$ cat final36.cif   # mmCIF, C-alpha atoms and all ligand atoms
data_run
loop_
_atom_site.label_atom_id
_atom_site.label_comp_id
_atom_site.auth_asym_id
_atom_site.auth_seq_id
_atom_site.Cartn_x
_atom_site.Cartn_y
_atom_site.Cartn_z
CA MET A 1 16.19 12.41 -8.65
CA ASN A 2 15.44 10.06 -5.82
CA LYS A 3 12.18 11.61 -4.77
CA LEU A 4 9.26 9.29 -5.28
CA VAL A 5 6.57 11.33 -3.59
CA GLU A 6 6.16 14.95 -2.71
CA LEU A 7 3.04 16.27 -1.01
CA VAL A 8 2.72 20.03 -0.78
CA ASN A 9 0.18 21.61 1.57
CA ILE A 10 -2.31 18.79 1.29
CA ASN A 11 -5.66 19.30 2.98
CA LYS A 12 -8.54 16.91 3.10
CA PHE A 13 -12.08 17.65 4.23
CA TYR A 14 -15.00 15.28 4.55
CA LYS A 15 -18.25 17.09 3.95
CA LEU A 16 -20.80 15.83 6.42
CA LYS A 17 -24.40 16.97 6.81
CA ASP A 18 -23.81 19.59 9.44
CA GLN A 19 -20.03 20.06 9.38
CA ASN A 20 -16.88 20.05 7.31
CA LEU A 21 -14.48 17.57 8.91
CA HIS A 22 -10.86 18.67 8.44
CA VAL A 23 -8.98 15.34 8.51
CA LEU A 24 -5.61 16.26 6.95
CA LYS A 25 -4.09 19.66 7.65
CA ASP A 26 -1.34 21.21 5.51
CA ILE A 27 0.55 17.96 5.03
CA ASN A 28 4.02 18.41 3.55
CA LEU A 29 5.86 15.17 2.99
CA THR A 30 8.72 13.87 0.89
CA ILE A 31 9.27 10.15 0.36
CA GLU A 32 12.47 8.99 -1.27
CA ARG A 33 12.82 5.92 -3.39
CA GLY A 34 13.87 3.06 -1.14
CA ASP A 35 12.37 4.56 2.00
CA PHE A 36 10.60 2.38 4.55
CA LEU A 37 8.18 4.97 5.87
CA MET A 38 5.83 4.40 8.76
CA ILE A 39 2.79 6.53 9.49
CA MET A 40 1.91 6.41 13.19
CA GLY A 41 -0.91 7.97 15.15
CA LYS A 42 -3.99 7.29 17.20
CA SER A 43 -7.23 5.98 15.78
CA GLY A 44 -8.92 8.71 13.77
CA SER A 45 -5.75 10.77 13.29
CA GLY A 46 -5.93 10.44 9.49
CA LYS A 47 -3.44 7.64 8.75
CA THR A 48 -5.63 5.64 6.37
CA THR A 49 -6.85 8.80 4.68
CA LEU A 50 -3.25 9.83 4.01
CA LEU A 51 -2.23 6.39 2.76
CA ASN A 52 -5.28 6.16 0.49
CA LEU A 53 -4.66 9.47 -1.18
CA LEU A 54 -1.00 8.58 -1.72
CA GLY A 55 -2.18 5.39 -3.46
CA PHE A 56 -4.84 7.15 -5.56
CA LEU A 57 -7.56 5.33 -3.66
CA ASP A 58 -8.99 8.65 -2.45
CA HIS A 59 -8.90 12.35 -3.34
CA PHE A 60 -7.62 15.33 -1.37
CA THR A 61 -9.34 18.70 -1.24
CA SER A 62 -6.41 21.06 -1.86
CA GLY A 63 -2.65 20.98 -2.30
CA LYS A 64 -0.27 19.40 -4.77
CA TYR A 65 0.93 15.82 -5.26
CA ILE A 66 4.08 15.01 -7.23
CA PHE A 67 4.60 11.27 -7.91
CA ASN A 68 7.60 9.98 -9.79
CA GLU A 69 8.49 13.55 -10.79
CA LYS A 70 5.09 14.20 -12.37
CA ASP A 71 2.37 16.46 -11.04
CA VAL A 72 -0.48 14.02 -10.43
CA THR A 73 -2.82 16.46 -8.71
CA TYR A 74 -5.32 16.63 -11.57
CA LEU A 75 -5.17 13.18 -13.19
CA ASN A 76 -8.43 11.56 -14.25
CA GLU A 77 -9.58 8.18 -12.94
CA ASN A 78 -8.11 6.24 -15.85
CA GLN A 79 -4.71 7.81 -15.39
CA ARG A 80 -4.88 7.24 -11.65
CA SER A 81 -5.80 3.59 -11.99
CA GLU A 82 -3.11 3.06 -14.58
CA LEU A 83 -0.41 4.43 -12.27
CA ARG A 84 -1.88 2.40 -9.43
CA ASN A 85 -1.86 -0.86 -11.35
CA ILE A 86 1.59 -0.42 -12.80
CA HIS A 87 3.58 1.05 -9.92
CA MET A 88 1.73 0.31 -6.68
CA GLY A 89 0.92 -2.75 -4.59
CA PHE A 90 -1.53 -2.76 -1.66
CA ILE A 91 -1.77 -4.78 1.55
CA PHE A 92 -4.62 -4.32 4.03
CA GLN A 93 -5.27 -5.33 7.62
CA GLN A 94 -8.04 -7.76 6.65
CA PHE A 95 -6.13 -9.31 3.70
CA HIS A 96 -9.06 -8.80 1.24
CA LEU A 97 -8.60 -12.15 -0.49
CA ILE A 98 -11.47 -13.61 -2.51
CA ASP A 99 -12.59 -16.93 -1.11
CA SER A 100 -14.28 -18.20 -4.29
CA LEU A 101 -10.89 -18.12 -6.02
CA THR A 102 -7.88 -20.31 -5.38
CA ILE A 103 -4.72 -18.84 -3.84
CA GLY A 104 -3.08 -18.89 -7.29
CA GLN A 105 -6.02 -17.04 -8.85
CA ASN A 106 -6.01 -14.45 -6.05
CA VAL A 107 -2.35 -13.73 -6.65
CA GLU A 108 -2.95 -13.50 -10.40
CA LEU A 109 -5.79 -10.97 -10.07
CA PRO A 110 -3.84 -7.69 -10.47
CA MET A 111 -2.56 -9.01 -13.83
CA LEU A 112 -6.10 -9.16 -15.20
CA TYR A 113 -6.36 -5.38 -15.62
CA LYS A 114 -6.28 -4.16 -19.18
CA GLU A 115 -2.84 -2.61 -18.75
CA ARG A 116 -1.61 -6.17 -18.30
CA ASN A 117 -3.19 -7.68 -21.42
CA HIS A 118 0.17 -8.06 -23.09
CA ILE A 119 1.43 -10.57 -20.53
CA SER A 120 1.24 -14.13 -21.87
CA LYS A 121 -0.53 -16.90 -20.01
CA LYS A 122 2.75 -18.67 -19.50
CA GLU A 123 4.42 -15.57 -18.06
CA LYS A 124 1.45 -14.99 -15.73
CA SER A 125 1.67 -18.50 -14.42
CA HIS A 126 5.44 -18.17 -14.00
CA ARG A 127 5.00 -14.98 -11.98
CA VAL A 128 2.31 -16.48 -9.74
CA ASP A 129 4.70 -19.30 -8.84
CA LYS A 130 7.61 -16.91 -8.37
CA TYR A 131 5.82 -14.65 -5.89
CA LEU A 132 4.12 -17.51 -4.05
CA ASP A 133 7.61 -18.89 -3.64
CA THR A 134 8.87 -15.49 -2.41
CA VAL A 135 6.40 -15.68 0.49
CA GLY A 136 7.06 -19.38 1.02
CA LEU A 137 3.60 -20.66 0.10
CA LEU A 138 3.88 -22.18 -3.35
CA ASN A 139 2.50 -25.41 -1.89
CA LYS A 140 -0.83 -23.66 -1.12
CA LYS A 141 -1.51 -22.55 -4.69
CA LYS A 142 -4.56 -24.77 -5.27
CA GLN A 143 -6.20 -24.13 -1.90
CA THR A 144 -8.61 -21.35 -0.98
CA PRO A 145 -7.98 -18.43 1.43
CA SER A 146 -10.25 -19.74 4.21
CA GLU A 147 -8.10 -22.86 4.47
CA LEU A 148 -5.10 -20.73 5.51
CA SER A 149 -4.08 -19.09 8.79
CA GLY A 150 -4.19 -15.30 9.12
CA GLY A 151 -0.44 -14.97 8.71
CA GLN A 152 -0.50 -17.19 5.63
CA GLN A 153 -3.36 -15.16 4.16
CA GLN A 154 -1.36 -11.98 4.65
CA ARG A 155 1.62 -13.56 2.92
CA ILE A 156 -0.67 -14.40 -0.01
CA ALA A 157 -1.83 -10.77 -0.02
CA ILE A 158 1.83 -9.73 -0.20
CA ALA A 159 2.40 -12.04 -3.19
CA ARG A 160 -0.64 -10.47 -4.85
CA ALA A 161 0.74 -6.98 -4.15
CA LEU A 162 4.04 -7.95 -5.80
CA ILE A 163 2.70 -9.59 -8.93
CA ASN A 164 3.00 -6.51 -11.19
CA ASP A 165 6.46 -5.77 -9.79
CA PRO A 166 5.46 -2.38 -8.34
CA TYR A 167 8.13 -0.11 -6.94
CA VAL A 168 6.04 1.04 -4.03
CA ILE A 169 4.05 -1.06 -1.56
CA PHE A 170 1.31 0.51 0.56
CA ALA A 171 0.36 -1.37 3.71
CA ASP A 172 -2.44 -0.29 6.07
CA GLU A 173 -1.92 -2.02 9.44
CA PRO A 174 -0.70 -5.22 7.73
CA THR A 175 -0.02 -6.86 11.08
CA GLY A 176 -3.10 -5.49 12.85
CA ALA A 177 -4.97 -8.78 12.74
CA LEU A 178 -1.98 -10.99 13.61
CA ASP A 179 -0.24 -12.17 16.77
CA SER A 180 3.21 -10.80 17.52
CA GLU A 181 5.19 -13.76 16.20
CA THR A 182 3.28 -13.85 12.92
CA SER A 183 3.60 -10.06 12.71
CA GLU A 184 7.33 -10.44 12.84
CA ASP A 185 7.25 -12.87 9.88
CA ILE A 186 5.28 -10.34 7.86
CA MET A 187 7.60 -7.50 8.87
CA ASN A 188 10.62 -9.55 7.86
CA ILE A 189 9.13 -10.10 4.41
CA LEU A 190 8.49 -6.35 4.07
CA LYS A 191 12.01 -5.63 5.28
CA LYS A 192 13.45 -7.98 2.67
CA LEU A 193 11.38 -6.31 -0.05
CA ASN A 194 12.66 -2.94 1.10
CA GLU A 195 16.24 -4.24 0.88
CA ASP A 196 15.39 -5.30 -2.67
CA ASN A 197 14.65 -1.62 -3.43
CA LYS A 198 10.90 -1.50 -2.95
CA THR A 199 9.66 1.63 -1.25
CA ILE A 200 7.36 0.69 1.63
CA ILE A 201 4.74 3.03 3.04
CA MET A 202 3.05 1.49 6.04
CA VAL A 203 0.48 2.58 8.60
CA THR A 204 0.72 1.16 12.10
CA HIS A 205 -0.42 1.72 15.68
CA ASP A 206 2.42 -0.39 16.98
CA GLY A 207 5.44 1.59 18.18
CA ASP A 208 7.51 -1.62 18.37
CA LEU A 209 7.43 -1.86 14.58
CA THR A 210 9.11 1.48 13.95
CA LYS A 211 12.49 -0.26 14.19
CA TYR A 212 11.87 -1.56 10.67
CA ALA A 213 11.44 1.94 9.25
CA ASN A 214 14.03 4.51 8.24
CA LYS A 215 11.49 7.30 8.56
CA VAL A 216 8.49 7.69 10.86
CA ILE A 217 5.86 10.38 10.71
CA HIS A 218 3.48 10.99 13.58
CA LEU A 219 -0.02 12.21 12.85
CA LYS A 220 -2.23 13.88 15.40
CA ASP A 221 -5.68 15.17 14.46
CA GLY A 222 -4.60 15.41 10.83
CA LEU A 223 -1.34 17.24 11.49
CA ILE A 224 2.17 15.89 11.16
CA THR A 225 3.54 16.57 14.62
CA LYS A 226 6.87 14.81 14.39
CA VAL A 227 9.20 13.21 11.83
CA ASP A 228 11.84 10.74 13.07
N1 LIG A 301 -15.68 8.38 4.33
C1 LIG A 301 -15.61 9.19 5.39
N2 LIG A 301 -16.56 10.12 5.62
C2 LIG A 301 -16.48 10.94 6.68
N3 LIG A 301 -15.48 10.92 7.59
C3 LIG A 301 -14.51 10.01 7.41
C4 LIG A 301 -14.52 9.09 6.32
N4 LIG A 301 -13.42 8.31 6.41
C5 LIG A 301 -12.76 8.70 7.51
N5 LIG A 301 -13.41 9.74 8.12
C6 LIG A 301 -12.96 10.46 9.31
O1 LIG A 301 -11.68 10.96 9.06
C7 LIG A 301 -10.86 10.88 10.21
C8 LIG A 301 -9.59 10.10 9.88
O2 LIG A 301 -9.94 8.77 9.56
P1 LIG A 301 -8.85 7.67 9.18
O3 LIG A 301 -9.60 6.46 8.75
O4 LIG A 301 -7.89 8.27 8.23
O5 LIG A 301 -8.16 7.44 10.60
P2 LIG A 301 -7.02 6.38 11.01
O6 LIG A 301 -5.91 7.19 11.60
O7 LIG A 301 -6.70 5.49 9.88
O8 LIG A 301 -7.75 5.58 12.18
P3 LIG A 301 -7.64 3.99 12.58
O9 LIG A 301 -6.35 3.85 13.32
O10 LIG A 301 -8.82 3.80 13.47
O11 LIG A 301 -7.71 3.19 11.32
C9 LIG A 301 -11.71 10.25 11.29
O12 LIG A 301 -12.24 11.27 12.09
C10 LIG A 301 -12.81 9.56 10.52
O13 LIG A 301 -13.98 9.51 11.27
MG MG A 302 -6.95 3.43 9.54
#
$ encode --input "final36.cif" --output "structure tokens"
Amino acid sequence: MNKLVELVNINKFYKLKDQNLHVLKDINLTIERGDFLMIMGKSGSGKTTLLNLLGFLDHFTSGKYIFNEKDVTYLNENQRSELRNIHMGFIFQQFHLIDSLTIGQNVELPMLYKERNHISKKEKSHRVDKYLDTVGLLNKKKQTPSELSGGQQQRIAIARALINDPYVIFADEPTGALDSETSEDIMNILKKLNEDNKTIIMVTHDGDLTKYANKVIHLKDGLITKVD
């Protein structure tokens, strides 16, 4: 009942001109609801590829994916984006905020998808304030991303990831562009979210961060070599 994700024999190939690059090899992985899972491994080991296919941002070549007790291996793009928008939040190394929008508008963005049409303007505005407050930056609502520090921008990206109240947060090297003190602030926010029952799936290079996780998988050349 508590399984959120099950990957069965997942393989991923990239077809290049003169070769077939085998980037994920027979991946079997179970993620429970409430897990704080970290995916570790060297550059090029397949971490981002794995995270992206878990979040329906990319496709795998063979194998089976069960999400939320449903076989999601053969969903079409509409079904994939619907699940993504409703259940999943994303945080990236480079924040991916839009500088022509205010902080408040950036945080509101994931509510503009059609699946969110039913939310009233008042409720949207309430939620923007609520999640900006969660990350401690309500006072920056009217500013633009370039006026904020890197750590503040990542906190805004976290508020944006939370706005649809997803139950799983995907984070690809969320502290990769930050100094160690600021990284700790971000990790503490993620830890708090995990304590509030969000499942966190995070990619990192940084072995010091594994203390935040309850489960760590190590990838090497597309293979899971170790699970802690
Ligand atoms: N679109 C693509 N086309 C072809 N090959 C790709 C593509 N994306 C990734 N790869 C290759 O797949 C392998 C895994 O890449 P991936 O981005 O998953 O690694 P990573 O572990 O996230 O690395 P990093 O720590 O540098 O972000 C690498 O060999 C990479 O060159
Ligand atoms: Mg990567």
$ residues_near_ligand --input "final36.cif" --ligand "ligand MG 302 (chain A)" --cutoff "12 Å" --atoms "only C-alpha atoms and all ligand atoms" --output "JSON, numbers by chain"
{"A": [39, 40, 41, 42, 43, 44, 45, 46, 47, 48, 49, 50, 51, 52, 92, 93, 94, 171, 172, 173, 174, 176, 202, 203, 204, 205, 219]}
$ residues_near_point --input "final36.cif" --point "(-3.6, -15.2, -10.8)" --cutoff "9 Å" --atoms "all atoms listed in the file" --output "PyMOL selection string"
chain A and resi 102-112+124-125+127-128+160+163
$ closest_residue --input "final36.cif" --among "A:Ala213, A:Asn28, A:Asp58, A:Lys3" --to "ligand LIG 301 (chain A)" --atoms "all atoms listed in the file"
A:Asp58
$ atom_distance --input "final36.cif" --atom1 "atom CA of Asn68 of chain A" --atom2 "atom CA of Lys211 of chain A"
26.5 Å
$ closest_residue --input "final36.cif" --among "A:Ile200, A:Leu223, A:Leu148, A:Ile66" --to "ligand LIG 301 (chain A)" --atoms "all atoms listed in the file"
A:Leu223
$ residues_around --input "final36.cif" --residues "Asn9 of chain A" --least-positions-apart "6" --cutoff "8 Å" --atoms "all atoms listed in the file" --output "VMD selection string"
chain A and resid 25 to 28 62 to 64
$ closest_residue --input "final36.cif" --among "A:Leu29, A:Ile189, A:Val23, A:Val8" --to "ligand LIG 301 (chain A)" --atoms "only C-alpha atoms and all ligand atoms"
A:Val23
$ atom_distance --input "final36.cif" --atom1 "atom CA of Ala157 of chain A" --atom2 "atom N2 of ligand LIG 301 (chain A)"
26.2 Å
$ atom_distance --input "final36.cif" --atom1 "atom CA of Arg33 of chain A" --atom2 "atom CA of His126 of chain A"
27.3 Å
$ residues_around --input "final36.cif" --residues "Tyr65 of chain A" --least-positions-apart "5" --cutoff "10 Å" --atoms "all atoms listed in the file" --output "CSV table (one decimal) with C-alpha atoms, in the frame of the given file"
chain,number,residue,atom,x,y,z
A,5,VAL,CA,6.6,11.3,-3.6
A,6,GLU,CA,6.2,15.0,-2.7
A,7,LEU,CA,3.0,16.3,-1.0
A,8,VAL,CA,2.7,20.0,-0.8
A,9,ASN,CA,0.2,21.6,1.6
A,10,ILE,CA,-2.3,18.8,1.3
A,28,ASN,CA,4.0,18.4,3.6
A,29,LEU,CA,5.9,15.2,3.0
A,53,LEU,CA,-4.7,9.5,-1.2
A,54,LEU,CA,-1.0,8.6,-1.7
A,60,PHE,CA,-7.6,15.3,-1.4
A,70,LYS,CA,5.1,14.2,-12.4
A,71,ASP,CA,2.4,16.5,-11.0
A,72,VAL,CA,-0.5,14.0,-10.4
A,73,THR,CA,-2.8,16.5,-8.7
A,74,TYR,CA,-5.3,16.6,-11.6
$ closest_residue --input "final36.cif" --among "A:Asn2, A:Ser149, A:Thr225, A:Thr134" --to "Asp35 of chain A" --atoms "all atoms listed in the file"
A:Asn2
$ residues_around --input "final36.cif" --residues "Lys198 of chain A" --least-positions-apart "6" --cutoff "9 Å" --atoms "all atoms listed in the file" --output "list in words"
Arg33, Gly34, Asp35, Phe36, Pro166, Tyr167, Val168, Ile169, Leu190 and Lys192 of chain A
$ closest_residue --input "final36.cif" --among "A:Asn76, A:Asn188, A:Gln154, A:Thr199" --to "Asn214 of chain A" --atoms "only C-alpha atoms"
A:Thr199
$ closest_residue --input "final36.cif" --among "A:Gln19, A:Gln153, A:Asn139, A:Asn197" --to "ligand LIG 301 (chain A)" --atoms "only C-alpha atoms and all ligand atoms"
A:Gln19
$ residues_around --input "final36.cif" --residues "Ala159 of chain A" --least-positions-apart "5" --cutoff "7 Å" --atoms "only C-alpha atoms" --output "PyMOL selection string"
chain A and resi 107+131-132+135
$ build_atoms --input "final36.cif" --residues "segment 137-161 of chain A" --atoms "N, CA, C and O atoms" --output "compact mmCIF listing (two decimals), keeping the file's coordinate frame"
# COMPACT_ATOMS: atom_id res chain seq x y z
N LEU A 137 4.88 -19.94 0.07
CA LEU A 137 3.60 -20.66 0.10
C LEU A 137 3.19 -21.24 -1.25
O LEU A 137 2.01 -21.40 -1.53
N LEU A 138 4.18 -21.59 -2.04
CA LEU A 138 3.88 -22.18 -3.35
C LEU A 138 3.03 -23.44 -3.20
O LEU A 138 2.17 -23.74 -4.04
N ASN A 139 3.25 -24.16 -2.10
CA ASN A 139 2.50 -25.41 -1.89
C ASN A 139 1.01 -25.20 -1.61
O ASN A 139 0.24 -26.15 -1.59
N LYS A 140 0.59 -23.94 -1.42
CA LYS A 140 -0.83 -23.66 -1.12
C LYS A 140 -1.61 -23.17 -2.35
O LYS A 140 -2.78 -22.78 -2.24
N LYS A 141 -0.96 -23.18 -3.49
CA LYS A 141 -1.51 -22.55 -4.69
C LYS A 141 -2.95 -22.97 -5.05
O LYS A 141 -3.76 -22.17 -5.49
N LYS A 142 -3.26 -24.25 -4.83
CA LYS A 142 -4.56 -24.77 -5.27
C LYS A 142 -5.63 -24.67 -4.19
O LYS A 142 -6.78 -25.01 -4.40
N GLN A 143 -5.22 -24.24 -2.99
CA GLN A 143 -6.20 -24.13 -1.90
C GLN A 143 -6.94 -22.80 -1.95
O GLN A 143 -6.67 -21.96 -2.80
N THR A 144 -7.88 -22.62 -1.02
CA THR A 144 -8.61 -21.35 -0.98
C THR A 144 -8.22 -20.59 0.29
O THR A 144 -7.74 -21.19 1.26
N PRO A 145 -8.44 -19.25 0.31
CA PRO A 145 -7.98 -18.43 1.43
C PRO A 145 -8.47 -18.92 2.80
O PRO A 145 -7.70 -18.90 3.77
N SER A 146 -9.74 -19.37 2.89
CA SER A 146 -10.25 -19.74 4.21
C SER A 146 -9.56 -20.97 4.79
O SER A 146 -9.70 -21.26 5.98
N GLU A 147 -8.83 -21.69 3.96
CA GLU A 147 -8.10 -22.86 4.47
C GLU A 147 -6.73 -22.48 5.05
O GLU A 147 -5.99 -23.36 5.49
N LEU A 148 -6.42 -21.18 5.04
CA LEU A 148 -5.10 -20.73 5.51
C LEU A 148 -5.21 -19.95 6.82
O LEU A 148 -6.26 -19.37 7.11
N SER A 149 -4.12 -19.91 7.56
CA SER A 149 -4.08 -19.09 8.79
C SER A 149 -4.02 -17.61 8.39
O SER A 149 -3.74 -17.27 7.24
N GLY A 150 -4.24 -16.74 9.39
CA GLY A 150 -4.19 -15.30 9.12
C GLY A 150 -2.84 -14.86 8.56
O GLY A 150 -2.77 -14.12 7.58
N GLY A 151 -1.78 -15.35 9.17
CA GLY A 151 -0.44 -14.97 8.71
C GLY A 151 -0.18 -15.45 7.28
O GLY A 151 0.41 -14.74 6.47
N GLN A 152 -0.67 -16.67 7.00
CA GLN A 152 -0.50 -17.19 5.63
C GLN A 152 -1.32 -16.36 4.64
O GLN A 152 -0.85 -16.05 3.53
N GLN A 153 -2.53 -15.99 5.05
CA GLN A 153 -3.36 -15.16 4.16
C GLN A 153 -2.68 -13.83 3.87
O GLN A 153 -2.72 -13.33 2.75
N GLN A 154 -2.04 -13.26 4.89
CA GLN A 154 -1.36 -11.98 4.65
C GLN A 154 -0.17 -12.17 3.73
O GLN A 154 0.14 -11.30 2.92
N ARG A 155 0.50 -13.31 3.84
CA ARG A 155 1.62 -13.56 2.92
C ARG A 155 1.12 -13.70 1.48
O ARG A 155 1.76 -13.22 0.53
N ILE A 156 -0.06 -14.31 1.32
CA ILE A 156 -0.67 -14.40 -0.01
C ILE A 156 -0.99 -12.99 -0.53
O ILE A 156 -0.75 -12.66 -1.70
N ALA A 157 -1.52 -12.15 0.38
CA ALA A 157 -1.83 -10.77 -0.02
C ALA A 157 -0.56 -10.02 -0.45
O ALA A 157 -0.59 -9.19 -1.36
N ILE A 158 0.56 -10.35 0.20
CA ILE A 158 1.83 -9.73 -0.20
C ILE A 158 2.23 -10.21 -1.60
O ILE A 158 2.64 -9.42 -2.45
N ALA A 159 2.09 -11.51 -1.85
CA ALA A 159 2.40 -12.04 -3.19
C ALA A 159 1.54 -11.34 -4.24
O ALA A 159 2.03 -10.96 -5.31
N ARG A 160 0.27 -11.15 -3.91
CA ARG A 160 -0.64 -10.47 -4.85
C ARG A 160 -0.17 -9.03 -5.09
O ARG A 160 -0.21 -8.53 -6.21
N ALA A 161 0.29 -8.37 -4.01
CA ALA A 161 0.74 -6.98 -4.15
C ALA A 161 2.00 -6.88 -5.02
O ALA A 161 2.28 -5.85 -5.60
